[in-house]
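Student: Dropping a structure here in structure tokens format, bear with me for questions.
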Amino acid sequence: MKDIDVLIEALPYIKKFHGEKILIKYGGHAMVDDEAKSSTARDTVLLKYVGMKPLIVHGGGPEISRSMEKLGKESKFIKGLRVTDEETMEIIEMVLVGKISTEIVSELIKHDGQAISLSGKDSSLIFAHKTEAKKIDEELVDLGLVGEVDCVNTELLDMFISNDYIPVISPVGIAKDGTSLNLNADTAAGEVASAVGAEKLIILTDVPGVLRDPSDPTSLIQKIKISEVPELIESGIISGGMIPKIETCVQAIENGVESCHIIDGRKKHSLLLEIFTDEGIGTMIYK
């Protein structure tokens, strides 16, 4: 009977989120490991079939670095941030748009989900401008073809969503002059979630969520109000790569997204556990 309890527990959530847009940011393990890839795709299609409207934005850092190595191009980083010259941008587009996006679409289709691969350049889906050179530790840093989002063309997304497609979006922006710009995938996911009026933004990562003690996976903080974030950053509980993820969540909530979730994509069905159970599985950020 345990299985029935699971369904009963899921019912209020299925009702609550019926017809709502859910933006899922694919990253980490969920994109690399074959079994996790398949499982995440199946879970996404399940959301679709219980009446939600999933959209996907994906990253691809490790895959980009691998491809650059294969092509004999060295990845250049300044203060941990990737420098993007024209040649690197070509490789980024090739990997994100040509490879990763279409692989995700194939997985979704395998589980009977209609999906379409889109780059931020398609029909100027994500307009962006080049990030200004800025001072980091007294050094003026110009990251090249790296962009910040100006606006998202939701018309295109609405057209696909209303025709039952799952949009799979690569974080490549287009500048006014048609130049391609490399976008941070988390930031792009937050911007798209805000623009389409998503109910939730779910970020799949390779950590359980926000931990009080990084070395103790049981110290998960299940809920964080956005007003508590500055203090958690100040005290070092939110640190490193988690800071931009949390800042993306805070901004998305300030722009109307109801809740954001940082969950462990390595755990089986983490997506469903977060959405359909009272306990959840990761960290939820809310107003």
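By order in the structure tokens, chains are A, B, ...; within a chain, residues start at 1; ligands start at 1, following the order shown.
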Within 10 Å of region 187-200 of chain A, counting only C-alpha atoms, which residues show up once you throw out same-chain ones fewer than 2 positions away? Write them as a ChimeraX atom specification, please.
Tutor: /A:17,19-26,52-59,120,125-126,148-155,157-158,169-173,183-185,202-203,244-245,247-261,275,284,286
Student: Among the residues of region 75-237 of chain A, find those DSSP assigns to strand (DSSP E or B) from the backbone and print them as number ranges by chain.
Tutor: A: 77-78, 81-82, 84, 115-119, 126-130, 134-136, 139-141, 144, 146-152, 166-170, 172-174, 180-182, 200-205, 211, 220, 223-225
Student: Which residue is closest to Val6 (chain A)? Choose from A:Ile226, A:Leu143, A:Leu96, A:Leu273 and count only C-alpha atoms.
Tutor: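 Smallest separation from Val6 (chain A) among the options: A:Leu273.
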Student: Applying 12 Å and only C-alpha atoms, which residues near Lys15 (chain A) remain after dropping the ones on its own chain fewer than 3 positions away? List them as a ChimeraX atom specification.
Tutor: /A:8-12,18-20,47,50-52,275-276
Student: If we count only C-alpha atoms and set the cut-off at 7 Å, which residues sit around Thr283 (chain A), ignoring sequence neighbours fewer than 5 positions away in its own chain? Please answer as a PyMOL selection string.
Tutor: chain A and resi 209-210+221-223+261-263
Student: Would you please give, as a list in words, all residues of region 81-122 of chain A that DSSP assigns to helix (DSSP H, G or I) based on the backbone?
Tutor: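 Residues of region 81-122 of chain A classed as helix (DSSP H, G or I): Glu86, Glu87, Thr88, Met89, Glu90, Ile91, Ile92, Glu93, Met94, Val95, Leu96, Val97, Gly98, Lys99, Ile100, Ser101, Thr102, Glu103, Ile104, Val105, Ser106, Glu107, Leu108, Ile109, Lys110 and Asp122 of chain A.
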Student: Can you write out the residues you just picked, keeping C-alpha atoms, as a compact mmCIF listing (two decimals), in the first residue's frame?
Tutor:
```txt
# COMPACT_ATOMS: atom_id res chain seq x y z
CA GLU A 86 35.57 33.92 -31.19
CA GLU A 87 37.06 30.46 -31.65
CA THR A 88 35.95 29.39 -28.17
CA MET A 89 32.45 30.76 -28.85
CA GLU A 90 32.22 28.60 -31.99
CA ILE A 91 33.11 25.52 -29.95
CA ILE A 92 30.64 26.50 -27.21
CA GLU A 93 27.82 26.78 -29.75
CA MET A 94 28.81 23.53 -31.38
CA VAL A 95 28.75 21.68 -28.05
CA LEU A 96 25.71 23.33 -26.43
CA VAL A 97 23.45 23.71 -29.44
CA GLY A 98 24.71 20.93 -31.69
CA LYS A 99 25.39 18.20 -29.18
CA ILE A 100 23.98 18.59 -25.66
CA SER A 101 20.66 20.17 -26.60
CA THR A 102 19.87 17.56 -29.25
CA GLU A 103 20.91 14.73 -26.90
CA ILE A 104 18.45 15.99 -24.27
CA VAL A 105 15.72 16.23 -26.93
CA SER A 106 16.44 12.62 -28.00
CA GLU A 107 16.11 11.42 -24.40
CA LEU A 108 12.79 13.24 -23.95
CA ILE A 109 11.44 11.85 -27.23
CA LYS A 110 12.51 8.35 -26.18
CA ASP A 122 16.63 31.32 -32.40
```
Student: How many Å lie between CA of Val32 (chain A) and CA of Asp216 (chain A), rounded to one decimal?
Tutor: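 About the pair CA of Val32 (chain A) and CA of Asp216 (chain A): they are 24.6 Å apart.
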Student: Would you work out the distance separating CA of Asp186 (chain A) from CA of Asp206 (chain A), expressed in Å to one decimal?
Tutor: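 These two atoms are separated by 13.8 Å.
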Student: Might you pull out every residue within 7 Å of Val83 (chain A), with only C-alpha atoms counted and same-chain residues fewer than 3 positions away left off, and present them as a list in words?
Tutor: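 Listed by chain and then number, they are Lys76, Phe77, Ile78, Leu143 and Gly144 of chain A.
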Student: Would you mind exporting the chosen residues as a short mmCIF file (atom, residue, chain, number, x, y, z; two decimals), in the first residue's frame, restricted to C-alpha atoms?
Tutor:
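Writing done, so here's out_17.cif:
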```cif
data_model
loop_
_atom_site.label_atom_id
_atom_site.label_comp_id
_atom_site.auth_asym_id
_atom_site.auth_seq_id
_atom_site.Cartn_x
_atom_site.Cartn_y
_atom_site.Cartn_z
CA LYS A 76 41.56 30.17 -20.52
CA PHE A 77 40.20 31.25 -17.15
CA ILE A 78 40.68 34.51 -15.25
CA LEU A 143 35.97 37.92 -20.48
CA GLY A 144 35.41 38.40 -24.21
#
```
Student: Gly28 (chain A): which residues within 6 Å, counting only C-alpha atoms, same-chain residues fewer than 2 positions away excluded, as a list in words?
Tutor: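 Listed by chain and then number, they are Ala30, Met31, Thr205 and Asp206 of chain A.
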Student: Skip Pro217 (chain A) itself and residues of its chain fewer than 4 positions away, then list as a list of chain:residue names all residues within 9 Å of it, counting only C-alpha atoms.
Tutor: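 Residues meeting the cut-off are A:Val207, A:Pro208, A:Gly209, A:Leu211, A:Arg212, A:Asp213.
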Student: Taking only C-alpha atoms into account, name the residue in A:Lys2, A:Lys73, A:Lys121, A:Lys79 that is nearest to Asp137 (chain A).
Tutor: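 Using only C-alpha atoms, Asp137 (chain A) sits closest to A:Lys79.
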Student: Given only C-alpha atoms as the basis, pick out the residue of A:Pro167, A:Gly240, A:Gly178, A:Gly282 nearest to Ile224 (chain A).
Tutor: A:Gly282
Student: Nearest to Ile116 (chain A) among A:Asn163, A:Asp43, A:Lys16, A:Glu138, with distances taken over only C-alpha atoms: which residue is it?
Tutor: A:Asn163
